[in-house]
Structures are given as structure tokens and as C-alpha cells.
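*Asks:* Next up, entry05.txt (compact mmCIF, C-alpha atoms and all ligand atoms).
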```txt
# COMPACT_ATOMS: atom_id res chain seq x y z
CA MET A 32 109.17 90.77 102.88
CA LEU A 33 108.96 90.93 106.66
CA THR A 34 111.83 91.85 108.94
CA ASP A 35 113.28 89.09 111.15
CA ALA A 36 111.64 90.71 114.16
CA GLU A 37 108.25 90.64 112.47
CA MET A 38 108.70 87.01 111.37
CA ASN A 39 109.44 86.10 114.98
CA ARG A 40 106.31 87.94 116.07
CA VAL A 41 104.28 85.96 113.54
CA GLU A 42 105.60 82.70 114.99
CA ASP A 43 104.86 83.93 118.52
CA ILE A 44 101.29 84.89 117.75
CA LYS A 45 100.63 81.56 116.01
CA ALA A 46 101.95 79.73 119.08
CA ARG A 47 99.89 81.92 121.37
CA PHE A 48 96.79 81.20 119.32
CA LYS A 49 97.41 77.46 119.56
CA THR A 50 97.86 77.62 123.31
CA ILE A 51 94.60 79.50 123.79
CA TYR A 52 92.35 77.83 121.21
CA GLY A 53 93.97 74.42 120.85
CA SER A 54 94.48 74.54 117.07
CA ASP A 55 96.50 76.43 114.47
CA PRO A 56 95.06 79.72 113.24
CA ALA A 57 93.45 79.70 109.77
CA MET A 58 94.79 83.15 108.98
CA VAL A 59 97.27 85.79 110.09
CA LEU A 60 96.68 89.42 109.16
CA ARG A 61 99.14 92.30 109.44
CA ALA A 62 98.77 96.09 109.22
CA PRO A 63 101.67 98.51 109.80
CA GLY A 64 101.89 101.91 111.52
CA ARG A 65 103.33 104.87 109.63
CA VAL A 66 105.68 107.80 109.74
CA ASN A 67 104.87 110.90 107.75
CA LEU A 68 107.94 112.47 106.12
CA ILE A 69 106.13 115.67 105.17
CA GLY A 70 102.62 116.93 104.36
CA GLU A 71 101.17 117.47 107.83
CA HIS A 72 97.56 118.54 108.32
CA THR A 73 97.10 118.69 104.57
CA ASP A 74 95.04 115.52 104.13
CA TYR A 75 91.73 117.00 105.29
CA ASN A 76 92.37 119.90 102.91
CA ASP A 77 92.37 117.62 99.85
CA GLY A 78 96.16 118.05 99.70
CA PHE A 79 99.32 115.94 99.43
CA VAL A 80 101.10 113.80 102.02
CA LEU A 81 104.33 111.77 101.87
CA PRO A 82 104.23 108.99 104.48
CA ALA A 83 105.88 105.56 104.63
CA ALA A 84 104.63 102.44 106.41
CA ILE A 85 107.00 101.41 109.23
CA GLU A 86 108.40 98.07 110.36
CA ARG A 87 106.04 98.04 113.34
CA SER A 88 102.61 96.53 113.02
CA VAL A 89 99.47 94.99 114.44
CA LEU A 90 99.20 91.24 113.89
CA ILE A 91 96.01 89.21 114.24
CA ALA A 92 95.90 85.40 114.20
CA ALA A 93 92.38 84.05 113.78
CA SER A 94 90.14 81.16 112.85
CA HIS A 95 86.51 80.98 111.77
CA ARG A 96 83.61 80.16 114.02
CA SER A 97 80.28 78.90 112.78
CA ASP A 98 78.33 81.40 114.91
CA ARG A 99 78.43 85.21 115.21
CA ILE A 100 80.62 85.46 118.29
CA VAL A 101 83.95 87.29 118.37
CA ASN A 102 86.23 85.78 120.96
CA GLY A 103 89.43 87.77 121.29
CA PHE A 104 92.62 87.97 123.30
CA ALA A 105 94.92 91.01 123.34
CA ALA A 106 98.48 89.86 124.05
CA ASN A 107 99.63 93.42 124.86
CA TYR A 108 97.09 93.81 127.62
CA ASN A 109 96.66 90.19 128.62
CA ARG A 110 92.92 90.66 128.32
CA SER A 111 90.09 88.87 126.57
CA THR A 112 86.85 90.00 125.03
CA ASN A 113 83.73 88.27 123.88
CA PHE A 114 80.92 89.91 121.94
CA SER A 115 78.24 89.11 119.43
CA LEU A 116 78.18 90.57 115.93
CA ASP A 117 74.41 90.79 116.38
CA LYS A 118 74.81 93.23 119.26
CA LEU A 119 77.64 95.61 118.47
CA GLU A 120 78.03 98.13 121.27
CA HIS A 121 80.87 100.13 122.73
CA ALA A 122 82.65 98.29 125.54
CA THR A 123 82.48 100.45 128.65
CA GLU A 124 84.36 98.22 131.12
CA THR A 125 87.97 99.45 131.39
CA SER A 126 89.24 95.91 130.97
CA ASP A 127 87.40 95.57 127.65
CA ARG A 128 88.03 98.99 126.10
CA TRP A 129 90.88 97.69 123.94
CA SER A 130 88.25 95.83 121.91
CA ASN A 131 86.44 99.00 120.87
CA TYR A 132 88.41 99.43 117.65
CA MET A 133 87.48 95.90 116.72
CA ARG A 134 83.84 96.58 117.47
CA ALA A 135 83.99 99.85 115.54
CA MET A 136 85.34 98.12 112.44
CA ALA A 137 82.80 95.29 112.66
CA TRP A 138 80.05 97.87 113.01
CA THR A 139 81.31 99.86 110.00
CA LEU A 140 81.56 96.80 107.75
CA THR A 141 78.11 95.63 108.83
CA GLY A 142 76.78 99.08 107.98
CA GLU A 143 78.22 98.62 104.48
CA GLY A 144 76.08 95.54 104.05
CA MET A 145 78.76 92.92 104.70
CA ARG A 146 77.52 89.80 106.50
CA LEU A 147 80.27 89.05 109.05
CA GLN A 148 81.24 85.71 110.56
CA GLY A 149 82.31 85.00 114.13
CA VAL A 150 86.04 84.46 114.81
CA ASN A 151 88.46 83.37 117.50
CA LEU A 152 91.48 85.64 117.52
CA VAL A 153 94.67 86.84 119.16
CA VAL A 154 95.94 90.36 118.50
CA ALA A 155 99.44 91.68 119.24
CA GLY A 156 101.04 94.95 118.18
CA ASP A 157 104.37 96.71 118.49
CA VAL A 158 103.44 100.16 117.18
CA PRO A 159 103.98 102.43 120.21
CA LEU A 160 100.56 103.57 121.45
CA GLY A 161 99.62 107.24 121.47
CA SER A 162 102.90 108.28 119.83
CA GLY A 163 101.57 109.60 116.57
CA LEU A 164 102.68 106.50 114.62
CA SER A 165 99.10 105.46 113.86
CA SER A 166 98.66 102.44 116.08
CA SER A 167 94.90 102.95 115.88
CA ALA A 168 94.85 103.07 112.07
CA ALA A 169 96.95 99.86 112.04
CA MET A 170 94.47 98.20 114.40
CA LEU A 171 91.46 99.26 112.35
CA VAL A 172 93.00 98.20 109.05
CA ALA A 173 94.03 94.83 110.53
CA CYS A 174 90.47 94.32 111.85
CA GLY A 175 89.04 95.32 108.46
CA LEU A 176 91.17 92.65 106.81
CA LEU A 177 90.21 90.11 109.45
CA PHE A 178 86.46 90.53 109.19
CA SER A 179 86.39 90.79 105.41
CA GLU A 180 88.64 87.75 104.92
CA ALA A 181 86.62 85.78 107.47
CA ALA A 182 83.47 86.70 105.54
CA GLY A 183 85.13 85.43 102.37
CA SER A 184 85.37 88.77 100.61
CA ARG A 185 88.51 90.70 99.76
CA LEU A 186 88.28 94.49 100.04
CA ASP A 187 90.06 96.74 97.60
CA PRO A 188 92.81 98.45 99.71
CA VAL A 189 91.54 101.99 99.06
CA ARG A 190 88.07 100.93 100.20
CA LEU A 191 89.59 99.22 103.23
CA ALA A 192 91.35 102.52 104.09
CA LEU A 193 88.15 104.54 103.64
CA LEU A 194 86.18 102.17 105.88
CA ALA A 195 88.87 102.27 108.58
CA GLN A 196 88.77 106.08 108.40
CA LYS A 197 84.99 105.98 108.75
CA ALA A 198 85.27 103.73 111.80
CA GLU A 199 87.79 106.10 113.41
CA ARG A 200 85.67 109.16 112.69
CA GLU A 201 82.46 107.66 113.96
CA PHE A 202 83.91 105.78 116.84
CA VAL A 203 86.59 108.09 118.22
CA GLY A 204 84.84 111.25 117.05
CA VAL A 205 87.94 112.84 115.50
CA ASN A 206 87.32 114.01 112.00
CA VAL A 207 90.60 112.53 110.69
CA GLY A 208 91.90 112.63 107.14
CA ILE A 209 92.74 109.54 105.09
CA MET A 210 96.55 109.49 105.36
CA ASP A 211 97.06 106.99 108.19
CA GLN A 212 94.65 104.33 107.02
CA TYR A 213 95.71 104.73 103.38
CA ILE A 214 99.42 104.24 104.03
CA SER A 215 98.74 101.32 106.38
CA ALA A 216 96.66 99.63 103.68
CA LEU A 217 98.74 100.54 100.61
CA GLY A 218 102.34 101.11 101.81
CA LYS A 219 105.16 99.86 99.56
CA GLN A 220 108.37 98.41 100.89
CA HIS A 221 111.39 100.73 100.37
CA ASN A 222 109.09 103.56 99.25
CA ALA A 223 107.30 106.56 100.63
CA LEU A 224 103.98 107.28 98.91
CA LEU A 225 103.10 110.70 97.55
CA ILE A 226 99.36 110.49 98.12
CA ASP A 227 96.90 112.82 96.47
CA THR A 228 94.18 112.80 99.13
CA ARG A 229 91.64 114.22 96.69
CA SER A 230 91.88 111.60 93.96
CA LEU A 231 93.06 108.89 96.40
CA THR A 232 95.83 107.92 94.02
CA TYR A 233 99.55 107.76 94.81
CA LYS A 234 102.98 107.79 93.31
CA ALA A 235 105.62 105.58 94.95
CA VAL A 236 108.82 107.50 95.75
CA PRO A 237 111.82 105.23 96.46
CA LEU A 238 113.74 106.02 99.63
CA PRO A 239 117.54 106.11 99.38
CA SER A 240 118.79 102.54 99.80
CA GLN A 241 122.00 103.67 101.50
CA GLY A 242 123.72 106.68 102.97
CA VAL A 243 120.79 108.07 104.89
CA SER A 244 118.53 106.73 107.64
CA ILE A 245 115.07 107.64 108.81
CA VAL A 246 115.20 108.02 112.57
CA ILE A 247 112.00 108.34 114.57
CA ALA A 248 112.35 109.78 118.06
CA ASP A 249 109.51 109.55 120.56
CA THR A 250 109.18 112.48 122.98
CA ASN A 251 107.37 110.12 125.34
CA LYS A 252 105.03 113.00 125.93
CA ARG A 253 101.66 111.42 125.28
CA ARG A 254 99.53 113.49 123.02
CA GLY A 255 97.08 115.63 124.92
CA LEU A 256 94.47 118.00 123.53
CA VAL A 257 94.81 116.45 120.16
CA GLU A 258 91.15 115.63 119.57
CA SER A 259 89.61 119.00 120.29
CA GLU A 260 92.50 120.96 118.74
CA TYR A 261 92.39 118.78 115.63
CA ASN A 262 88.73 119.49 115.05
CA THR A 263 89.33 123.21 115.68
CA ARG A 264 92.12 123.35 113.07
CA ARG A 265 89.88 121.61 110.65
CA SER A 266 87.10 124.15 111.02
CA GLU A 267 89.60 127.03 110.77
CA CYS A 268 90.66 125.63 107.39
CA GLU A 269 87.02 125.49 106.30
CA GLN A 270 86.59 129.10 107.36
CA ALA A 271 89.60 130.07 105.25
CA VAL A 272 88.07 128.36 102.22
CA SER A 273 84.72 130.08 102.63
CA ILE A 274 86.37 133.53 102.80
CA LEU A 275 88.85 132.92 99.97
CA LYS A 276 86.02 131.62 97.81
CA ARG A 277 84.76 135.20 97.47
CA PHE A 278 87.92 135.99 95.50
CA LEU A 279 88.61 132.56 94.04
CA PRO A 280 85.13 131.15 93.35
CA SER A 281 86.28 127.85 91.87
CA ILE A 282 88.09 126.61 94.99
CA THR A 283 86.59 123.88 97.16
CA ALA A 284 89.55 123.25 99.50
CA LEU A 285 92.86 124.90 100.47
CA ARG A 286 94.52 122.50 98.05
CA ASP A 287 93.18 124.67 95.23
CA VAL A 288 94.91 127.85 96.41
CA SER A 289 98.46 128.49 95.16
CA VAL A 290 101.10 130.19 97.30
CA GLU A 291 100.91 133.25 94.99
CA GLU A 292 97.14 133.47 95.26
CA PHE A 293 97.38 133.19 99.02
CA LYS A 294 99.85 136.09 99.16
CA GLN A 295 97.46 138.16 97.11
CA TYR A 296 94.46 137.58 99.39
CA GLU A 297 95.84 136.71 102.82
CA GLN A 298 94.95 140.14 104.22
CA GLU A 299 91.29 139.24 103.83
CA LEU A 300 91.61 136.47 106.42
CA PRO A 301 91.41 137.16 110.15
CA GLU A 302 93.93 135.56 112.53
CA PRO A 303 94.41 132.72 113.37
CA VAL A 304 92.67 131.56 110.18
CA ARG A 305 95.27 133.32 108.03
CA SER A 306 98.19 131.53 109.70
CA ARG A 307 96.44 128.17 109.52
CA ALA A 308 95.81 128.59 105.80
CA ARG A 309 99.41 129.73 105.23
CA HIS A 310 100.67 126.52 106.80
CA VAL A 311 98.45 124.25 104.72
CA ILE A 312 99.12 126.02 101.41
CA THR A 313 102.89 126.21 101.85
CA GLU A 314 103.01 122.64 103.23
CA ASP A 315 101.32 121.30 100.10
CA ALA A 316 103.96 123.03 97.98
CA ARG A 317 106.77 121.64 100.19
CA THR A 318 105.35 118.12 99.95
CA LEU A 319 105.41 118.15 96.15
CA GLN A 320 108.91 119.63 96.21
CA MET A 321 110.13 117.00 98.66
CA ALA A 322 108.77 114.11 96.58
CA ASP A 323 110.66 115.54 93.64
CA ALA A 324 113.85 116.12 95.66
CA LEU A 325 113.69 112.59 97.07
CA SER A 326 113.33 111.03 93.65
CA LYS A 327 116.36 113.03 92.46
CA GLY A 328 118.37 112.03 95.55
CA ASP A 329 118.66 115.64 96.72
CA ILE A 330 118.69 114.85 100.45
CA GLU A 331 119.96 118.30 101.41
CA LEU A 332 116.82 119.84 99.96
CA CYS A 333 114.63 117.19 101.63
CA GLY A 334 116.14 118.12 105.00
CA LYS A 335 115.62 121.83 104.40
CA LEU A 336 111.96 121.25 103.52
CA MET A 337 111.44 119.14 106.64
CA ASN A 338 112.93 121.90 108.78
CA GLU A 339 110.65 124.46 107.14
CA SER A 340 107.67 122.18 107.69
CA HIS A 341 108.38 122.03 111.40
CA GLU A 342 108.65 125.82 111.68
CA SER A 343 105.38 126.22 109.84
CA LEU A 344 103.64 123.68 112.11
CA ARG A 345 105.06 125.38 115.17
CA GLN A 346 104.35 128.99 114.29
CA ASP A 347 101.46 129.04 111.84
CA TYR A 348 99.58 125.88 112.70
CA ALA A 349 100.44 125.91 116.42
CA VAL A 350 100.40 122.13 116.87
CA SER A 351 103.93 121.62 118.19
CA CYS A 352 104.89 121.69 121.87
CA LYS A 353 107.99 122.23 124.01
CA GLU A 354 108.96 118.55 123.91
CA LEU A 355 108.71 118.26 120.11
CA ASP A 356 110.64 121.50 119.65
CA SER A 357 113.41 120.38 122.03
CA LEU A 358 113.79 117.04 120.30
CA VAL A 359 113.90 118.65 116.87
CA GLU A 360 116.47 121.14 118.10
CA ALA A 361 118.61 118.36 119.64
CA ALA A 362 118.49 116.41 116.36
CA ARG A 363 119.45 119.42 114.28
CA SER A 364 122.49 120.12 116.45
CA ILE A 365 124.13 116.87 115.31
CA PRO A 366 126.39 117.26 112.25
CA GLY A 367 125.08 114.97 109.52
CA VAL A 368 121.41 115.53 110.29
CA TYR A 369 119.81 116.84 107.10
CA GLY A 370 116.53 117.85 108.70
CA ALA A 371 114.10 117.09 111.52
CA ARG A 372 110.43 117.76 112.16
CA MET A 373 107.47 116.64 114.22
CA THR A 374 105.40 113.92 112.56
CA GLY A 375 101.68 113.20 112.95
CA ALA A 376 99.00 115.39 114.47
CA GLY A 377 101.27 117.08 117.05
CA PHE A 378 100.94 118.06 120.75
CA GLY A 379 103.41 115.29 121.65
CA GLY A 380 104.31 112.04 119.94
CA CYS A 381 107.29 111.66 117.62
CA THR A 382 109.78 113.50 115.47
CA VAL A 383 111.33 112.22 112.26
CA SER A 384 114.87 113.03 111.15
CA LEU A 385 116.90 112.31 108.02
CA VAL A 386 120.34 111.33 109.25
CA ALA A 387 123.52 110.54 107.30
CA ASP A 388 124.40 106.91 108.13
CA GLU A 389 127.78 107.87 109.58
CA ALA A 390 126.09 110.35 111.95
CA VAL A 391 123.69 107.76 113.42
CA PRO A 392 125.94 106.68 116.34
CA ASP A 393 126.41 110.32 117.33
CA PHE A 394 122.66 110.86 117.08
CA GLU A 395 121.93 107.84 119.27
CA GLU A 396 124.42 108.93 121.86
CA ARG A 397 123.74 112.65 122.08
CA VAL A 398 120.13 113.37 121.16
CA PRO A 399 118.53 111.57 124.13
CA LYS A 400 120.94 113.34 126.51
CA LEU A 401 120.28 116.78 125.08
CA TYR A 402 116.55 116.11 125.19
CA LYS A 403 116.68 114.88 128.77
CA ASN A 404 118.57 118.01 129.83
CA ALA A 405 115.97 120.21 128.19
CA THR A 406 112.81 118.43 129.35
CA GLY A 407 113.64 115.83 132.00
CA LEU A 408 112.10 113.17 129.77
CA ASP A 409 113.61 110.12 128.09
CA ALA A 410 113.38 109.95 124.32
CA SER A 411 113.17 106.57 122.62
CA LEU A 412 114.60 106.05 119.16
CA LEU A 413 113.16 103.83 116.49
CA PHE A 414 114.98 102.96 113.28
CA THR A 415 112.87 101.81 110.37
CA GLY A 416 112.87 101.23 106.68
CA ALA A 417 109.69 101.67 104.64
CA ALA A 418 107.53 98.57 105.02
CA GLU A 419 104.89 96.92 102.87
CA GLY A 420 101.25 97.79 103.56
CA ALA A 421 98.65 95.55 105.16
CA GLY A 422 97.98 92.01 104.02
CA ARG A 423 97.12 88.46 104.85
CA LEU A 424 100.24 86.46 105.69
CA LEU A 425 98.55 83.07 106.09
C1 LIG B 501 96.45 112.48 112.24
C2 LIG B 501 95.30 112.18 111.30
C3 LIG B 501 95.73 112.30 109.84
C4 LIG B 501 96.44 113.61 109.57
C5 LIG B 501 97.51 113.88 110.62
C6 LIG B 501 98.12 115.26 110.49
O1 LIG B 501 97.44 111.50 112.13
O2 LIG B 501 94.79 110.88 111.54
O3 LIG B 501 94.62 112.12 109.00
O4 LIG B 501 95.52 114.67 109.48
O5 LIG B 501 97.00 113.75 111.93
O6 LIG B 501 98.81 115.37 109.29
```
Now that the file is in, can you turn its structure into C-alpha cells?
Ligand code: GLA

*Replies:*
Amino acid sequence: MLTDAEMNRVEDIKARFKTIYGSDPAMVLRAPGRVNLIGEHTDYNDGFVLPAAIERSVLIAASHRSDRIVNGFAANYNRSTNFSLDKLEHATETSDRWSNYMRAMAWTLTGEGMRLQGVNLVVAGDVPLGSGLSSSAAMLVACGLLFSEAAGSRLDPVRLALLAQKAEREFVGVNVGIMDQYISALGKQHNALLIDTRSLTYKAVPLPSQGVSIVIADTNKRRGLVESEYNTRRSECEQAVSILKRFLPSITALRDVSVEEFKQYEQELPEPVRSRARHVITEDARTLQMADALSKGDIELCGKLMNESHESLRQDYAVSCKELDSLVEAARSIPGVYGARMTGAGFGGCTVSLVADEAVPDFEERVPKLYKNATGLDASLLFTGAAEGAGRLL
């Protein structure tokens, strides 16, 4: 079930396609962005995450071509691209860079042995860019659906997620985990997913249908540093595993270390590796606890865990920033806010708060003001339910 706004966007993109190509599209594909409720920086440690797909997405309207040319138009940028599937290269022209995710996905699928077909397409998205809501994962998953459907083969959603992750890793060069692509491909309406990033299985956890809202607030501080810092955190986690392995030989990832075991051996780790490991190990425990609390309707506990997660990300993992901290603080000062934390990789982007429905007007009115006073920046708020994962709409 799409929201009214999304249904309108589908009609718009179909009309746009017809104007440009002179016929109706043969297919419309959709892939959503995501918000992570808890379980941050755990996915590349084989751990647990609890994200939900959001009611913001990338849409692609397309039709088949008989050759191997991709002819595309990006409605957000008002720009076109044209490239051959026989010559997949990075676009270097500024005006064509938007098409790189598309090229990356085509290249990845070709590498997997899929014989792709040319397409005419229009793409349009409303996931805010660079805000930590996974606009790039949504784009890659939508392109994965497009090229596989156009080639007449349907990818299993977990495989689709893995291929989108591969494209992001190889193309952007950030060694990302699987969370963003997985939730975009497999999200369930009205549910968050407790994903086990080791087994790549999930448990759907229903979100409360009334009484509490998920409010995303964008710091409008674009994420800086994220690529190099992300890869550094990742290698610090690997260092922690290699040292802890001397005492716990069966472990292969931080996921395998319990909070008690960590307390026993943490002195063996140098800083900052010790703090990084503490975050990941305690965050995994919080994520499991939060999934349980959510399914029991214990929203107070959910909020407390989210607050603890933010503190751990700020102090131990050092991926927060002044803007995220100010926005979290502003949110927490409103009576009726159960908890607030940064969401996504960090260094800017968005926060997520659990807010009692009756406190939402107060939140809307006061949080942006408090944030502006603290930082001089404007926050934008986004209200969303949990949306369905990617799929073909037409
Ligand atoms: C980014 C990555 C994810 C995950 C988060 C942090 O969104 O793409 O794989 O690691 O950061 O939790």
C-alpha cells in the first residue's frame, strides 16, 4: 500500500515518461529509503540492526529497448544520460554524475553473469540526499530491480540487497554493511525489521499503530568525513577482534563477544579500539532488548535504549557531531519524547525520536527553534510510518 503522496508521484513519473518518450512506460519500480531505530555500526560486525523502510523512495519508470543503450532522465536534476551497456564506465562530467549509481548497478549485475537489456527511463526520488536516510541504497536497489526485470529475471530480495551493497562498496569505495540495502529491498509496512546481519534473516517487529510517532529530524548538516571515518571505525573493530581472539579463540566478529566477556577482557585493548568495541558490543545487546521491548509495547524502555545508544555513539564510537547532539538534546527537552538518537552513519544527517502523539505539535513548534538557537541551522522534520520494501508497481 502506497501513501497518497507516493501514488501521486507514480502518476507524475508516468506522465513525465510519456512526455519524454512518447509512450506509456512498461514498468514502474520503487525502492524506499530507511530510518534505523537502533543498532548503529553493528552491521559490519555481524550484529543486529532494527531499521524500518520510510515513506520516501526512488521511483523509476521505464520501457525496454531492443539494443543495449540506457537512455535516462533524472527529474530531480533535470538532466539526461545516455550510455551503452557494452561500455560501462564512470561518468566524469559533472552533469552526468547522477547516473553513476545506475552504471555501478549495471556493472555489478553484468559481473554476476546477467545479460542486460537497454532501457529508456525516468528516475525521480524524494529521499533527502546526503541525510543518512539511504538515498543511495534506494537508488541502487531501484536500479537493480529495473535491470533485472528488464532482462526478464526476478532477483531474490536478499540477493538484490547483496548486489546493491557490492555496487556501493566497489563504486563509492565505502566498505558499507548490509543494513541499508536489505531494509530497502525487504522492508515490511507497519514493521521494523530485526535483521541478523550474519545469517541475513529477519524478524518483523510491528510498530505501535497508535499513541506514538516516529519523527525524523534532519540537522541539514551534510555529512562530511563519513567515508574515511567509516573505514577507520571498521578497521578498529577488526583490530578489537584480532586481540580478543587471543582470549576468546572461537570469535570471528564483535557479535560473538558478550557484554560480560568484554568487561573481563577490555583492559587488553588499547584506546580507541576499546571504546569502539564497547559501543558495538553494548549496541548489539540494546538492539535485541529494543526489539523485545517494542514487541511488548514497552515504549518507555525503547526510548531509554535509544538515548543510551546515542550516548554510546557520541562517546565511545565518536561518530556524532555538535549538530546531532543539539538536535537530540532539543528533542529530549520536550515532555512526551520517549527517546532520541542520531540515525545512520553519523557526522551529520538525521536524528530519530519516539514521540507521544499528543506531544507532536509541541515537538514541531519548539525543536526547530531550540536547534536554530544552538546552531544557527534550520532543522527539517519528516513524519513517516514504516513502508513496504522495494518492488515493481507496474
Ligand atoms: C551506513 C552504512 C550501513 C551502516 C550504517 C551505520 O548507513 O551504509 O551499512 O553501517 O552506516 O549503522

*Asks:* Do you know which residues lie at most 12 Å from (86.1, 99.6, 115.3), with coordinates as in the file and all atoms listed in the file counted, and could you write them as number ranges by chain?

*Replies:* A: 119-122, 128-142, 167-175, 177-178, 194-204

*Asks:* Could the residues of chain A that have an atom at most 7 Å from ligand LIG 501 (chain B) be listed as a Markdown table, each with its closest atom pair and the distance in Å to one decimal, counting only C-alpha atoms and all ligand atoms and ordered by chain and ascending residue number?

*Replies:*
```
| residue | atom | partner | partner_atom | distance |
| --- | --- | --- | --- | --- |
| A:Gly70 | CA | B:LIG501 | O6 | 6.4 |
| A:Glu71 | CA | B:LIG501 | O6 | 3.5 |
| A:His72 | CA | B:LIG501 | O6 | 3.5 |
| A:Thr73 | CA | B:LIG501 | O6 | 6.0 |
| A:Asp74 | CA | B:LIG501 | O4 | 5.4 |
| A:Tyr75 | CA | B:LIG501 | O4 | 6.1 |
| A:Gly163 | CA | B:LIG501 | O1 | 6.4 |
| A:Ser165 | CA | B:LIG501 | O1 | 6.5 |
| A:Val207 | CA | B:LIG501 | O3 | 4.4 |
| A:Gly208 | CA | B:LIG501 | O3 | 3.3 |
| A:Ile209 | CA | B:LIG501 | O3 | 5.0 |
| A:Met210 | CA | B:LIG501 | O3 | 4.9 |
| A:Asp211 | CA | B:LIG501 | O2 | 5.6 |
| A:Gly375 | CA | B:LIG501 | O1 | 4.6 |
| A:Ala376 | CA | B:LIG501 | O5 | 3.6 |
```

*Asks:* I'd like the neighbourhood of Gly407 (chain A) as a ChimeraX atom specification, where a residue qualifies if any of its atoms comes within 12 Å (using all atoms listed in the file), though same-chain residues fewer than 5 positions away should be ignored.

*Replies:* /A:250-252,353-354,357-358,399-402

*Asks:* Could you list, as a list in words, every residue within 8 Å of region 270-279 of chain A, counting only C-alpha atoms and ignoring same-chain residues fewer than 4 positions away?

*Replies:*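 Those residues are Ser266, Thr283, Ala284, Leu285, Tyr296, Glu299, Leu300, Val304, Arg305 and Ala308 of chain A.
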
*Asks:* Rounded to one decimal in Å, what is the spacing between CA of Glu86 (chain A) and CA of Val101 (chain A)?

*Replies:*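 CA of Glu86 (chain A) sits 27.9 Å away from CA of Val101 (chain A).
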
*Asks:* How would you write as a PyMOL selection string the residues that get within 7 Å of (92.0, 102.6, 102.9) in the file's frame, counting all atoms listed in the file?

*Replies:* chain A and resi 188-195+212-213+216

*Asks:* For Asn76 (chain A), please output as a PyMOL selection string all residues within 9 Å (counting only C-alpha atoms; exclusion window: fewer than 5 positions along the same chain).

*Replies:* chain A and resi 208+228-229+265+268-269+284-286+311

*Asks:* Distance CA of Gly328 (chain A)-CA of Gly242 (chain A), one decimal place?

*Replies:*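 It comes out at 10.6 Å.
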
*Asks:* Between CA of Pro237 (chain A) and CA of Ala223 (chain A), what distance in Å does the model show, to one decimal?

*Replies:*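 Rounded to one decimal, the two atoms are 6.3 Å apart.
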
*Asks:* Looking at all atoms listed in the file, which of A:Leu60, A:Leu147, A:Val386, A:Leu217 is the one that sits closest to Ala235 (chain A)?

*Replies:*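 Once distances to Ala235 (chain A) are computed over all atoms listed in the file, the minimum belongs to A:Leu217.
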
*Asks:* Give the answer as one residue: which of A:Asn222, A:Ser343, A:Asn113, A:Gln295 has the shortest atom-to-atom distance to Leu325 (chain A), using all atoms listed in the file?

*Replies:*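 Going through A:Asn222, A:Ser343, A:Asn113, A:Gln295 one by one, the smallest distance to Leu325 (chain A) is for A:Asn222.
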
*Asks:* Return the single residue from A:Glu258, A:Asp329, A:Asp227, A:Glu419 that is closest to Leu81 (chain A), with distances computed using only C-alpha atoms.

*Replies:*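 Of all the options, A:Asp227 lies closest to Leu81 (chain A).
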
*Asks:* Set the distance at 6 Å and use all atoms listed in the file: which residues neighbour Val383 (chain A) once local chain neighbours fewer than 6 positions away are removed? I'd like the list as a ChimeraX atom specification.

*Replies:* /A:246-247,371-372

*Asks:* From the list A:Arg61, A:Arg397, A:Arg254, A:Lys403, which residue is nearest Ile365 (chain A) when using all atoms listed in the file?

*Replies:*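 Checking each of A:Arg61, A:Arg397, A:Arg254, A:Lys403 against Ile365 (chain A), counting all atoms listed in the file, the winner is A:Arg397.
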
*Asks:* Nearest to Leu231 (chain A): which of A:Gly379, A:Thr50, A:Asp77, A:Ile69 is it, counting all atoms listed in the file?

*Replies:*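 Checking each candidate against Leu231 (chain A), we get A:Asp77 as the closest.
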
*Asks:* Show which residues sit within 9 Å of Ser111 (chain A), as an MDAnalysis selection string. Count all atoms listed in the file, and ignore same-chain residues fewer than 6 positions away.

*Replies:* chainID A and resid 102:105 126:127 130 153

*Asks:* Of the residues A:Asp315, A:Gln320, A:Val359, A:Pro303, which is the one nearest to Val290 (chain A), using all atoms listed in the file?

*Replies:*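 Nearest to Val290 (chain A): A:Asp315.
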